[in-house]
>>> print(open('start-v7.cif').read())   # mmCIF, C-alpha atoms
data_run
#
loop_
_atom_site.label_atom_id
_atom_site.label_comp_id
_atom_site.auth_asym_id
_atom_site.auth_seq_id
_atom_site.Cartn_x
_atom_site.Cartn_y
_atom_site.Cartn_z
CA MET D 1 -8.06 9.13 27.93
CA ASN D 2 -9.41 6.84 25.19
CA ARG D 3 -10.14 8.62 21.92
CA VAL D 4 -12.11 7.83 18.81
CA ALA D 5 -12.33 10.04 15.73
CA VAL D 6 -15.28 10.63 13.41
CA ALA D 7 -14.80 12.02 9.92
CA CYS D 8 -17.40 14.79 9.71
CA SER D 9 -17.95 16.81 6.55
CA GLY D 10 -21.08 18.46 7.93
CA GLY D 11 -23.40 16.43 5.69
CA ARG D 12 -26.42 14.52 6.95
CA ASP D 13 -24.73 11.12 7.33
CA SER D 14 -21.55 12.28 9.07
CA ILE D 15 -23.40 14.65 11.45
CA ALA D 16 -25.70 11.78 12.41
CA LEU D 17 -22.73 9.45 13.02
CA LEU D 18 -20.96 12.08 15.12
CA HIS D 19 -24.09 12.62 17.21
CA ALA D 20 -24.65 8.88 17.75
CA THR D 21 -20.98 8.34 18.63
CA LEU D 22 -21.05 11.16 21.16
CA LYS D 23 -24.13 9.74 22.87
CA ALA D 24 -22.37 6.42 23.34
CA ALA D 25 -19.00 7.98 24.25
CA ALA D 26 -20.45 10.20 26.97
CA GLU D 27 -21.46 7.07 28.89
CA GLN D 28 -18.12 5.31 28.44
CA GLY D 29 -15.57 8.04 29.17
CA VAL D 30 -14.31 8.21 25.58
CA GLU D 31 -13.27 11.48 23.94
CA VAL D 32 -14.50 12.03 20.38
CA LEU D 33 -12.54 13.97 17.78
CA ALA D 34 -14.63 15.53 15.01
CA LEU D 35 -12.25 15.57 12.04
CA HIS D 36 -13.18 18.01 9.28
CA VAL D 37 -11.34 18.40 5.96
CA HIS D 38 -11.69 21.72 4.13
CA HIS D 39 -11.13 20.83 0.46
CA GLY D 40 -11.33 24.37 -0.86
CA LEU D 41 -13.33 23.20 -3.88
CA SER D 42 -16.68 24.81 -3.04
CA PRO D 43 -17.44 28.47 -2.28
CA ASN D 44 -19.46 27.15 0.64
CA ALA D 45 -16.56 25.24 2.22
CA ASP D 46 -15.96 27.90 4.90
CA GLU D 47 -19.63 27.74 5.88
CA TRP D 48 -19.54 23.95 6.17
CA GLN D 49 -16.53 24.07 8.47
CA ALA D 50 -18.14 26.77 10.60
CA LEU D 51 -21.34 24.73 10.97
CA VAL D 52 -19.49 21.66 12.23
CA GLU D 53 -17.40 23.78 14.59
CA ARG D 54 -20.49 25.53 16.03
CA GLN D 55 -22.30 22.24 16.47
CA CYS D 56 -19.33 20.73 18.31
CA ALA D 57 -19.15 23.81 20.57
CA ARG D 58 -22.85 23.43 21.48
CA TRP D 59 -22.41 19.75 22.29
CA ALA D 60 -19.30 20.49 24.35
CA LYS D 61 -21.29 23.01 26.41
CA ARG D 62 -23.80 20.24 27.05
CA GLY D 63 -20.92 18.28 28.61
CA TRP D 64 -20.35 15.87 25.76
CA PRO D 65 -16.67 14.87 25.23
CA VAL D 66 -16.14 16.31 21.75
CA ARG D 67 -13.22 18.22 20.24
CA PHE D 68 -13.27 19.83 16.80
CA VAL D 69 -10.17 19.40 14.60
CA ALA D 70 -9.92 20.77 11.06
CA ARG D 71 -7.39 20.66 8.24
CA ARG D 72 -7.44 22.88 5.14
CA LEU D 73 -5.96 21.28 2.05
CA LEU D 74 -3.21 23.40 0.49
CA THR D 75 -2.90 21.40 -2.73
CA HIS D 76 -5.23 21.33 -5.73
CA PRO D 77 -5.98 18.77 -8.43
CA GLN D 78 -3.70 19.04 -11.42
CA LYS D 79 -4.89 19.38 -14.99
CA GLY D 80 -6.21 16.05 -16.16
CA ASP D 81 -6.68 14.66 -12.63
CA SER D 82 -9.98 13.15 -11.57
CA VAL D 83 -11.36 15.63 -9.03
CA GLU D 84 -13.21 12.80 -7.27
CA ALA D 85 -10.08 10.65 -6.96
CA TRP D 86 -7.90 13.58 -5.89
CA ALA D 87 -10.37 14.72 -3.23
CA ARG D 88 -10.75 11.18 -1.86
CA GLN D 89 -7.01 10.56 -1.61
CA ALA D 90 -6.30 13.99 -0.11
CA ARG D 91 -9.16 13.62 2.37
CA TYR D 92 -8.00 10.25 3.70
CA ARG D 93 -4.43 11.51 3.97
CA ALA D 94 -5.57 14.56 5.98
CA LEU D 95 -7.88 12.48 8.19
CA ARG D 96 -5.04 10.09 9.01
CA GLU D 97 -2.63 12.92 9.82
CA MET D 98 -5.14 14.58 12.17
CA ALA D 99 -6.00 11.30 13.89
CA VAL D 100 -2.34 10.39 14.48
CA GLU D 101 -1.43 13.88 15.65
CA HIS D 102 -4.21 13.81 18.25
CA GLY D 103 -3.73 10.25 19.46
CA ALA D 104 -6.72 8.50 17.87
CA SER D 105 -6.08 5.12 16.28
CA LEU D 106 -9.72 4.54 15.25
CA VAL D 107 -11.55 6.67 12.66
CA LEU D 108 -15.27 6.15 11.98
CA LEU D 109 -16.70 6.82 8.52
CA ALA D 110 -20.40 7.38 7.77
CA HIS D 111 -20.83 5.32 4.60
CA HIS D 112 -24.14 3.44 4.55
CA ARG D 113 -25.80 0.65 2.58
CA ARG D 114 -26.73 2.76 -0.44
CA ASP D 115 -23.15 4.01 -0.73
CA GLN D 116 -22.01 0.39 -0.86
CA ALA D 117 -24.63 -0.54 -3.46
CA GLU D 118 -23.66 2.42 -5.65
CA THR D 119 -19.98 1.50 -5.35
CA PHE D 120 -20.66 -2.08 -6.43
CA LEU D 121 -22.64 -0.91 -9.47
CA LEU D 122 -20.06 1.70 -10.50
CA GLN D 123 -17.24 -0.84 -10.20
CA ALA D 124 -19.18 -3.34 -12.30
CA LEU D 125 -19.68 -0.71 -15.01
CA ARG D 126 -15.91 -0.13 -14.96
CA SER D 127 -15.29 -3.85 -15.60
CA ALA D 128 -13.74 -4.27 -12.15
CA GLY D 129 -12.63 -7.68 -10.97
CA VAL D 130 -13.75 -9.44 -7.81
CA ALA D 131 -11.61 -7.19 -5.61
CA GLY D 132 -13.18 -4.06 -7.12
CA LEU D 133 -16.69 -5.46 -6.72
CA SER D 134 -15.97 -5.96 -3.01
CA GLY D 135 -16.68 -2.28 -2.53
CA MET D 136 -15.89 -0.80 0.86
CA PRO D 137 -14.88 -2.97 3.84
CA VAL D 138 -16.48 -2.52 7.24
CA ARG D 139 -12.98 -2.40 8.72
CA ALA D 140 -9.58 -1.66 7.23
CA ASP D 141 -6.21 -1.28 8.98
CA ARG D 142 -3.88 1.03 7.08
CA ASP D 143 -0.81 3.04 8.07
CA GLY D 144 -1.31 2.63 11.80
CA VAL D 145 -4.99 3.66 11.75
CA THR D 146 -8.14 1.51 11.89
CA TRP D 147 -10.93 2.75 9.62
CA MET D 148 -14.44 1.52 10.41
CA ARG D 149 -17.80 1.99 8.71
CA PRO D 150 -20.30 0.99 11.42
CA TRP D 151 -23.33 1.92 9.28
CA LEU D 152 -22.36 0.08 6.10
CA HIS D 153 -25.38 -2.25 6.48
CA VAL D 154 -27.76 0.54 7.55
CA PRO D 155 -30.32 1.82 4.96
CA ARG D 156 -30.15 5.50 4.16
CA GLU D 157 -33.79 5.93 5.29
CA ARG D 158 -32.92 5.01 8.87
CA ILE D 159 -30.22 7.69 8.96
CA GLU D 160 -32.64 10.28 7.56
CA ALA D 161 -35.16 9.34 10.25
CA TYR D 162 -32.45 9.67 12.93
CA VAL D 163 -31.59 13.17 11.72
CA ARG D 164 -35.26 14.24 11.80
CA ARG D 165 -35.83 12.75 15.25
CA HIS D 166 -32.88 14.60 16.79
CA ARG D 167 -33.35 17.75 14.64
CA LEU D 168 -29.73 17.77 13.57
CA ALA D 169 -28.57 20.69 11.43
CA HIS D 170 -26.47 19.68 8.46
CA VAL D 171 -25.25 20.97 5.10
CA ASP D 172 -26.16 19.88 1.59
CA ASP D 173 -23.12 19.64 -0.67
CA ASP D 174 -23.88 21.61 -3.83
CA SER D 175 -21.48 19.38 -5.82
CA ASN D 176 -23.91 16.48 -5.36
CA ALA D 177 -25.96 17.95 -8.20
CA ASP D 178 -23.01 18.04 -10.61
CA THR D 179 -23.59 15.18 -13.05
CA ARG D 180 -20.05 15.43 -14.40
CA PHE D 181 -19.17 13.09 -11.53
CA ALA D 182 -19.96 9.41 -12.10
CA ARG D 183 -21.59 8.81 -8.71
CA ASN D 184 -23.89 11.80 -9.16
CA ARG D 185 -24.92 10.57 -12.62
CA MET D 186 -25.74 7.27 -10.99
CA ARG D 187 -27.87 8.91 -8.31
CA HIS D 188 -29.76 11.31 -10.57
CA GLY D 189 -30.09 9.34 -13.77
CA VAL D 190 -30.15 5.67 -12.76
CA TRP D 191 -30.90 5.04 -9.11
CA THR D 192 -34.54 6.16 -9.01
CA ALA D 193 -35.46 4.11 -12.08
CA LEU D 194 -33.53 1.11 -10.75
CA THR D 195 -35.25 1.08 -7.35
CA GLU D 196 -38.66 1.59 -8.94
CA ALA D 197 -38.13 -1.44 -11.16
CA PHE D 198 -36.35 -3.49 -8.46
CA PRO D 199 -37.31 -2.26 -4.94
CA GLN D 200 -34.77 -4.57 -3.26
CA SER D 201 -31.85 -3.48 -5.48
CA GLU D 202 -30.02 -1.56 -2.72
CA ALA D 203 -29.96 -4.52 -0.35
CA ALA D 204 -29.23 -6.99 -3.17
CA LEU D 205 -26.25 -5.02 -4.51
CA ALA D 206 -24.84 -4.47 -1.02
CA ASP D 207 -25.14 -8.21 -0.37
CA ALA D 208 -23.36 -8.90 -3.66
CA ALA D 209 -20.48 -6.67 -2.51
CA GLU D 210 -20.25 -8.69 0.70
CA TRP D 211 -20.12 -11.95 -1.28
CA ALA D 212 -17.37 -10.44 -3.42
CA GLN D 213 -15.43 -9.57 -0.26
CA GLN D 214 -15.60 -13.20 0.86
CA ALA D 215 -14.55 -14.40 -2.58
CA THR D 216 -11.63 -11.96 -2.56
CA ALA D 217 -10.50 -13.27 0.83
CA CYS D 218 -10.59 -16.85 -0.50
CA LEU D 219 -8.60 -15.86 -3.60
CA ASP D 220 -6.01 -14.11 -1.41
CA GLU D 221 -5.63 -17.25 0.71
CA LEU D 222 -5.24 -19.40 -2.40
CA ALA D 223 -2.61 -17.02 -3.82
CA ALA D 224 -0.69 -17.10 -0.55
CA MET D 225 -0.61 -20.91 -0.61
CA ASP D 226 0.52 -20.96 -4.24
CA LEU D 227 3.20 -18.31 -3.75
CA GLN D 228 4.74 -20.30 -0.89
CA HIS D 229 5.99 -22.69 -3.58
CA LEU D 230 6.42 -20.22 -6.44
CA ALA D 231 8.21 -17.19 -5.04
CA ASP D 232 11.18 -16.32 -2.86
CA ASP D 233 13.63 -13.45 -2.55
CA LYS D 234 15.00 -14.35 -6.00
CA GLY D 235 11.64 -13.70 -7.66
CA LEU D 236 8.77 -15.68 -9.13
CA ASP D 237 9.63 -19.13 -10.52
CA VAL D 238 8.08 -18.87 -13.98
CA ARG D 239 8.22 -22.59 -14.82
CA ALA D 240 6.47 -23.61 -11.60
CA TRP D 241 3.98 -20.79 -12.08
CA GLN D 242 3.13 -22.03 -15.58
CA ALA D 243 2.20 -25.43 -14.16
CA LEU D 244 -0.87 -23.87 -12.51
CA SER D 245 -4.23 -23.59 -14.21
CA THR D 246 -4.88 -20.35 -16.10
CA ALA D 247 -7.14 -18.95 -13.38
CA ARG D 248 -4.67 -19.75 -10.60
CA ARG D 249 -1.77 -18.33 -12.63
CA SER D 250 -3.61 -15.05 -13.01
CA ASN D 251 -4.59 -14.98 -9.34
CA ALA D 252 -1.06 -15.76 -8.08
CA LEU D 253 0.50 -13.25 -10.48
CA ARG D 254 -1.82 -10.46 -9.35
CA ALA D 255 -1.02 -11.17 -5.71
CA TRP D 256 2.73 -11.32 -6.37
CA LEU D 257 2.66 -8.04 -8.30
CA ARG D 258 0.60 -6.35 -5.59
CA GLY D 259 3.11 -7.42 -2.96
CA ARG D 260 6.08 -6.12 -4.96
CA MET D 261 4.62 -2.94 -6.45
CA GLY D 262 2.57 -1.89 -3.41
CA ARG D 263 -0.66 -1.57 -5.41
CA ALA D 264 -2.89 -3.59 -7.68
CA ALA D 265 -1.53 -4.18 -11.17
CA GLY D 266 -3.59 -3.02 -14.12
CA ALA D 267 -5.48 -5.55 -16.19
CA SER D 268 -3.42 -4.75 -19.30
CA LEU D 269 -0.13 -5.50 -17.51
CA VAL D 270 -1.42 -8.80 -16.13
CA SER D 271 -2.70 -9.79 -19.57
CA ARG D 272 0.67 -9.02 -21.19
CA LEU D 273 2.59 -11.00 -18.60
CA MET D 274 0.24 -13.95 -18.92
CA ASP D 275 0.99 -14.05 -22.65
CA GLU D 276 4.65 -13.03 -22.75
CA LEU D 277 6.15 -14.85 -19.76
CA ALA D 278 5.89 -18.08 -21.75
CA THR D 279 9.03 -17.13 -23.68
CA THR D 280 12.38 -18.12 -22.21
CA ARG D 281 14.39 -15.12 -23.36
CA ALA D 282 15.15 -12.22 -21.05
CA ARG D 283 12.52 -9.48 -21.18
CA THR D 284 11.63 -6.29 -19.35
CA TRP D 285 8.29 -4.58 -18.72
CA PRO D 286 8.47 -0.95 -17.55
CA VAL D 287 5.89 -0.12 -14.88
CA GLU D 288 5.09 3.09 -13.06
CA SER D 289 7.17 2.36 -9.96
CA GLY D 290 10.05 0.45 -11.54
CA VAL D 291 10.61 -2.39 -13.97
CA LEU D 292 9.75 -6.08 -14.18
CA ARG D 293 12.51 -8.35 -15.50
CA SER D 294 12.35 -11.96 -16.64
CA TYR D 295 15.75 -13.63 -16.55
CA ARG D 296 16.77 -17.30 -16.39
CA GLY D 297 13.27 -18.43 -15.47
CA ARG D 298 12.65 -15.85 -12.75
CA LEU D 299 10.42 -12.80 -12.77
CA ARG D 300 11.67 -9.99 -10.55
CA PHE D 301 10.48 -6.51 -9.73
CA GLU D 302 13.13 -3.82 -9.56
CA PRO D 303 12.04 -0.51 -7.97
CA ALA D 304 12.79 2.66 -9.89
CA PRO D 305 16.37 3.65 -9.03
CA GLN D 306 16.84 6.54 -6.70
CA ARG D 307 19.14 9.38 -7.58
CA PRO D 308 22.69 7.96 -7.35
CA THR D 309 24.47 8.81 -4.13
CA PRO D 310 27.73 10.68 -4.74
CA LEU D 311 30.75 8.50 -4.05
CA ALA D 312 31.88 10.98 -1.40
CA ASP D 313 28.68 10.31 0.59
CA ARG D 314 28.94 6.51 0.59
CA GLU D 315 30.20 4.66 3.64
CA THR D 316 33.79 3.47 3.21
CA LEU D 317 34.39 1.73 6.55
CA LEU D 318 32.25 -0.73 8.49
CA SER D 319 32.95 -2.47 11.77
CA ILE D 320 31.15 -5.82 11.76
CA ARG D 321 31.41 -7.44 15.18
CA HIS D 322 28.06 -9.24 15.33
CA THR D 323 25.48 -10.86 13.07
CA GLY D 324 22.40 -9.00 11.91
CA VAL D 325 21.52 -6.28 9.42
CA HIS D 326 23.84 -3.34 8.89
CA ALA D 327 22.18 -0.38 7.15
CA LEU D 328 24.24 1.41 4.51
CA PRO D 329 22.04 4.31 3.32
CA GLY D 330 24.84 5.79 1.24
CA TRP D 331 24.84 2.61 -0.85
CA GLY D 332 21.05 2.37 -0.91
CA GLY D 333 20.68 -0.93 0.92
CA ARG D 334 21.66 -3.20 3.82
CA LEU D 335 24.31 -5.83 4.46
CA LEU D 336 22.97 -8.99 6.09
CA VAL D 337 25.46 -10.90 8.26
CA GLU D 338 24.39 -14.47 9.09
CA PRO D 339 26.16 -17.21 11.10
CA VAL D 340 27.13 -20.34 9.16
CA ALA D 341 28.82 -23.61 10.13
CA GLU D 342 31.08 -23.70 7.05
CA GLY D 343 31.86 -21.77 3.90
CA GLY D 344 31.94 -18.43 5.66
CA VAL D 345 34.50 -15.77 6.49
CA PRO D 346 35.80 -15.55 10.09
CA LEU D 347 33.84 -12.83 11.88
CA ALA D 348 37.08 -11.41 13.27
CA TRP D 349 38.14 -10.51 9.74
CA LEU D 350 35.31 -8.00 9.47
CA ALA D 351 36.03 -5.81 12.48
CA HIS D 352 37.67 -3.23 10.17
CA ALA D 353 36.05 -3.84 6.79
CA GLN D 354 36.42 -1.48 3.84
CA LEU D 355 33.60 -0.79 1.36
CA LYS D 356 34.44 0.05 -2.25
CA PRO D 357 32.63 0.34 -5.60
CA ARG D 358 33.68 -1.73 -8.60
CA SER D 359 36.52 -0.03 -10.42
CA GLY D 360 37.57 -2.75 -12.88
CA GLY D 361 40.32 -5.33 -12.53
CA GLU D 362 38.90 -7.02 -9.41
CA ARG D 363 39.31 -10.79 -9.37
CA PHE D 364 37.10 -13.21 -7.45
CA GLN D 365 37.71 -16.88 -6.61
CA ALA D 366 34.39 -18.76 -6.76
CA GLY D 367 35.58 -21.96 -5.07
CA THR D 368 38.52 -23.71 -3.46
CA GLY D 369 41.00 -24.91 -6.08
CA ARG D 370 39.44 -22.77 -8.80
CA PRO D 371 41.39 -19.89 -10.35
CA PRO D 372 40.47 -16.29 -9.57
CA ARG D 373 38.71 -14.64 -12.51
CA SER D 374 37.43 -11.16 -13.33
CA LEU D 375 34.10 -10.15 -11.83
CA LYS D 376 32.60 -9.81 -15.30
CA LYS D 377 33.39 -13.45 -16.15
CA GLN D 378 32.25 -14.68 -12.75
CA TYR D 379 28.94 -12.84 -13.10
CA GLN D 380 28.42 -14.34 -16.53
CA ALA D 381 29.26 -17.84 -15.35
CA ALA D 382 26.91 -17.57 -12.37
CA ALA D 383 24.14 -15.98 -14.51
CA VAL D 384 23.87 -13.02 -12.13
CA PRO D 385 21.67 -10.33 -13.75
CA ALA D 386 22.91 -6.74 -13.83
CA TRP D 387 20.43 -5.50 -11.22
CA GLU D 388 21.80 -8.00 -8.64
CA ARG D 389 25.34 -6.69 -9.01
CA GLU D 390 24.73 -3.40 -7.19
CA GLY D 391 26.17 -2.74 -3.76
CA PRO D 392 29.62 -2.40 -2.20
CA LEU D 393 32.54 -4.77 -2.50
CA VAL D 394 33.72 -5.71 1.00
CA TYR D 395 37.46 -5.88 1.70
CA SER D 396 39.53 -6.74 4.74
CA GLY D 397 43.21 -5.85 4.91
CA GLY D 398 43.23 -5.23 1.17
CA GLN D 399 41.80 -8.70 0.39
CA LEU D 400 38.45 -8.97 -1.41
CA VAL D 401 36.00 -10.71 0.95
CA PHE D 402 32.51 -10.35 -0.50
CA VAL D 403 30.89 -9.45 -3.84
CA PRO D 404 27.12 -8.81 -4.14
CA GLY D 405 25.54 -11.54 -6.25
CA LEU D 406 28.56 -13.86 -5.93
CA GLY D 407 29.12 -14.24 -2.20
CA ILE D 408 32.28 -14.92 -0.18
CA ASP D 409 35.64 -15.15 -1.98
CA ALA D 410 37.04 -18.69 -1.52
CA ARG D 411 40.41 -17.28 -0.44
CA VAL D 412 39.00 -15.97 2.85
CA ILE D 413 36.84 -18.94 3.85
CA GLY D 414 37.63 -19.97 7.41
CA LEU D 415 38.07 -23.39 8.99
CA PRO D 416 35.19 -25.25 10.67
CA GLY D 417 35.07 -24.50 14.38
CA GLN D 418 35.72 -20.79 13.94
CA PRO D 419 32.91 -18.24 14.28
CA LEU D 420 32.04 -17.96 10.57
CA VAL D 421 29.53 -15.69 8.84
CA ALA D 422 28.05 -15.31 5.37
CA LEU D 423 27.20 -11.93 3.83
CA ARG D 424 24.26 -10.97 1.65
CA TRP D 425 23.45 -7.63 0.06
CA LEU D 426 19.83 -6.50 0.41
CA SER D 427 18.65 -3.76 -1.94
CA PRO D 428 15.39 -1.87 -1.17
#
>>> encode(input="start-v7.cif", output="structure tokens")
Amino acid sequence: MNRVAVACSGGRDSIALLHATLKAAAEQGVEVLALHVHHGLSPNADEWQALVERQCARWAKRGWPVRFVARRLLTHPQKGDSVEAWARQARYRALREMAVEHGASLVLLAHHRRDQAETFLLQALRSAGVAGLSGMPVRADRDGVTWMRPWLHVPRERIEAYVRRHRLAHVDDDSNADTRFARNRMRHGVWTALTEAFPQSEAALADAAEWAQQATACLDELAAMDLQHLADDKGLDVRAWQALSTARRSNALRAWLRGRMGRAAGASLVSRLMDELATTRARTWPVESGVLRSYRGRLRFEPAPQRPTPLADRETLLSIRHTGVHALPGWGGRLLVEPVAEGGVPLAWLAHAQLKPRSGGERFQAGTGRPPRSLKKQYQAAAVPAWEREGPLVYSGGQLVFVPGLGIDARVIGLPGQPLVALRWLSP
């Protein structure tokens, strides 16, 4: 059976959305999950959950296809945490878990036009960029779940009228009166005066958020086009990046950082990089999830190292009989095996490969007719940074075959016409 989920706190907006969704679902054979998150922050939280559960039971008796699902949060905000931010993150995490567990890939949220207008204004007061001013999207696909806000263009007054017309019972969150929270200060101290002075402010601010969303999409497309020529698996080409205009440099850098770090970079980090990447010397910039390194004209992001795996737990043998990716979790990465026409090692050599860490004294031949030299000297000659030297050395029959960062040892390169492969170490 098809399922759709509705996030329902028990407040006016979410109860109205649940009711409207059920009316439509009853005619289409769709089951509706009412997802409720018990935050444990209010003494009335038990009452709110009970109200939603009772309402769902009454609608189910009427024959409507509704099922109540609840999750009580077991964690609490830590000292110094923003309660608003903690509650929002924990709520979305719980909603996703409930939706996935019960087979719903679509979750509806009851945000309306005033919520969007307030978000735009709050973000502007926080000096947010274009992406922040975009506010909330109508649709977002994250972690296997589609989140939709079908009422994002609907005025709050229409929802209030809907609740009165259908006589829907709902709760009033007592925390909405707490002006310690920024959004509540906005509602109680600013919004009334703003709408009295500018009656169309709600619609105008929501429209501005939509324009910002379109601008953000254009900037993302521009960054993607720029990064096609600026970035590869070796990092960001700083010299080519510097050839862009200042605005495009900033835009491309933000996009590149977001792709590597998994989140938007702070304004202070972007500002520092814009100023300091102009130097040619090697530099590092510690960030929350790892470190950024500039070396030989390339900017790279290196994730924070995981706890080292004990040598006893690392793989020591590997049978490579085909091309593709071979996962080596004990070494913290993967070995990529690719077919090549020349310059590779015969695939047959790798059927019984041995994997070893560097122990000192290893010698690597970088090319035919060139003398074998120590790994340290070869790394220095090839300008391989320290963070690209991690991974196992690959041997076959006691002969060194492959070194991460350097490639195939010239002494094992096969003749053209043989099935040859190249190796490449992929760290996380």
>>> resolve_selection(input="start-v7.cif", expression="the PyMOL selection byres ((chain D and resi 25) around 12)", output="ChimeraX atom specification")
/D:1-6,17-24,26-33,63-66
>>> write_last_selection(input="start-v7.cif", atoms="C-alpha atoms", output="PDB file, in the frame of the given file")
ATOM      1  CA  MET D   1      -8.060   9.130  27.930  1.00  0.00           C
ATOM      2  CA  ASN D   2      -9.410   6.840  25.190  1.00  0.00           C
ATOM      3  CA  ARG D   3     -10.140   8.620  21.920  1.00  0.00           C
ATOM      4  CA  VAL D   4     -12.110   7.830  18.810  1.00  0.00           C
ATOM      5  CA  ALA D   5     -12.330  10.040  15.730  1.00  0.00           C
ATOM      6  CA  VAL D   6     -15.280  10.630  13.410  1.00  0.00           C
ATOM      7  CA  LEU D  17     -22.730   9.450  13.020  1.00  0.00           C
ATOM      8  CA  LEU D  18     -20.960  12.080  15.120  1.00  0.00           C
ATOM      9  CA  HIS D  19     -24.090  12.620  17.210  1.00  0.00           C
ATOM     10  CA  ALA D  20     -24.650   8.880  17.750  1.00  0.00           C
ATOM     11  CA  THR D  21     -20.980   8.340  18.630  1.00  0.00           C
ATOM     12  CA  LEU D  22     -21.050  11.160  21.160  1.00  0.00           C
ATOM     13  CA  LYS D  23     -24.130   9.740  22.870  1.00  0.00           C
ATOM     14  CA  ALA D  24     -22.370   6.420  23.340  1.00  0.00           C
ATOM     15  CA  ALA D  26     -20.450  10.200  26.970  1.00  0.00           C
ATOM     16  CA  GLU D  27     -21.460   7.070  28.890  1.00  0.00           C
ATOM     17  CA  GLN D  28     -18.120   5.310  28.440  1.00  0.00           C
ATOM     18  CA  GLY D  29     -15.570   8.040  29.170  1.00  0.00           C
ATOM     19  CA  VAL D  30     -14.310   8.210  25.580  1.00  0.00           C
ATOM     20  CA  GLU D  31     -13.270  11.480  23.940  1.00  0.00           C
ATOM     21  CA  VAL D  32     -14.500  12.030  20.380  1.00  0.00           C
ATOM     22  CA  LEU D  33     -12.540  13.970  17.780  1.00  0.00           C
ATOM     23  CA  GLY D  63     -20.920  18.280  28.610  1.00  0.00           C
ATOM     24  CA  TRP D  64     -20.350  15.870  25.760  1.00  0.00           C
ATOM     25  CA  PRO D  65     -16.670  14.870  25.230  1.00  0.00           C
ATOM     26  CA  VAL D  66     -16.140  16.310  21.750  1.00  0.00           C
TER      27      VAL D  66
END
>>> closest_residue(input="start-v7.cif", among="D:Ala422, D:Ala383, D:Ala410, D:Trp48", to="Val171 in chain D", atoms="only C-alpha atoms")
D:Trp48
>>> atom_distance(input="start-v7.cif", atom1="CA of His38 in chain D", atom2="CA of Leu73 in chain D")
6.1 Å
>>> atom_distance(input="start-v7.cif", atom1="CA of Arg88 in chain D", atom2="CA of Asp115 in chain D")
14.4 Å
>>> residues_around(input="start-v7.cif", residues="Leu205 in chain D", least_positions_apart="6", cutoff="9 Å", atoms="only C-alpha atoms", output="PyMOL selection string")
chain D and resi 114+116-118+120-121
>>> residues_near_point(input="start-v7.cif", point="(16.5, -11.0, -9.2)", cutoff="7 Å", atoms="all atoms listed in the file", output="VMD selection string")
chain D and resid 234 to 235 300 385 388
>>> resolve_selection(input="start-v7.cif", expression="the PyMOL selection byres ((chain D and resi 7) around 7)", output="ChimeraX atom specification")
/D:5-6,8-9,14,34-36,107-109
>>> resolve_selection(input="start-v7.cif", expression="the PyMOL selection byres ((chain D and resi 330-335) around 7)", output="list in words")
Thr309, Asp313, Arg314, Glu315, Val325, His326, Ala327, Leu328, Pro329, Leu336, Val337, Gly391, Leu423, Arg424, Trp425, Leu426, Ser427 and Pro428 of chain D
>>> atom_distance(input="start-v7.cif", atom1="CA of Asp220 in chain D", atom2="CA of Ala252 in chain D")
8.5 Å
>>> closest_residue(input="start-v7.cif", among="D:Leu420, D:Ala182, D:Ala60, D:Ala206", to="Thr323 in chain D", atoms="all atoms listed in the file")
D:Leu420
>>> closest_residue(input="start-v7.cif", among="D:Val412, D:Val190, D:Ala255, D:Ala128", to="Ala267 in chain D", atoms="only C-alpha atoms")
D:Ala128
>>> residues_around(input="start-v7.cif", residues="Lys376 in chain D", least_positions_apart="4", cutoff="12 Å", atoms="all atoms listed in the file", output="MDAnalysis selection string")
chainID D and resid 358:364 372 380:386 389 403 405:406
>>> residues_around(input="start-v7.cif", residues="Gly397 in chain D", least_positions_apart="3", cutoff="9 Å", atoms="only C-alpha atoms", output="list of chain:residue names")
D:Trp349, D:His352, D:Ala353, D:Gln354, D:Leu400
>>> residues_around(input="start-v7.cif", residues="Arg321 in chain D", least_positions_apart="5", cutoff="9 Å", atoms="all atoms listed in the file", output="ChimeraX atom specification")
/D:347-348,350-351
>>> residues_near_point(input="start-v7.cif", point="(-7.3, 24.4, 4.3)", cutoff="12 Å", atoms="all atoms listed in the file", output="mmCIF file with C-alpha atoms, in the frame of the given file")
data_model
loop_
_atom_site.group_PDB
_atom_site.id
_atom_site.type_symbol
_atom_site.label_atom_id
_atom_site.label_comp_id
_atom_site.auth_asym_id
_atom_site.auth_seq_id
_atom_site.Cartn_x
_atom_site.Cartn_y
_atom_site.Cartn_z
ATOM 1 C CA HIS D 36 -13.180 18.010 9.280
ATOM 2 C CA VAL D 37 -11.340 18.400 5.960
ATOM 3 C CA HIS D 38 -11.690 21.720 4.130
ATOM 4 C CA HIS D 39 -11.130 20.830 0.460
ATOM 5 C CA GLY D 40 -11.330 24.370 -0.860
ATOM 6 C CA LEU D 41 -13.330 23.200 -3.880
ATOM 7 C CA SER D 42 -16.680 24.810 -3.040
ATOM 8 C CA ALA D 45 -16.560 25.240 2.220
ATOM 9 C CA ASP D 46 -15.960 27.900 4.900
ATOM 10 C CA GLN D 49 -16.530 24.070 8.470
ATOM 11 C CA VAL D 69 -10.170 19.400 14.600
ATOM 12 C CA ALA D 70 -9.920 20.770 11.060
ATOM 13 C CA ARG D 71 -7.390 20.660 8.240
ATOM 14 C CA ARG D 72 -7.440 22.880 5.140
ATOM 15 C CA LEU D 73 -5.960 21.280 2.050
ATOM 16 C CA LEU D 74 -3.210 23.400 0.490
ATOM 17 C CA THR D 75 -2.900 21.400 -2.730
ATOM 18 C CA HIS D 76 -5.230 21.330 -5.730
ATOM 19 C CA ALA D 90 -6.300 13.990 -0.110
ATOM 20 C CA ARG D 91 -9.160 13.620 2.370
ATOM 21 C CA ALA D 94 -5.570 14.560 5.980
#
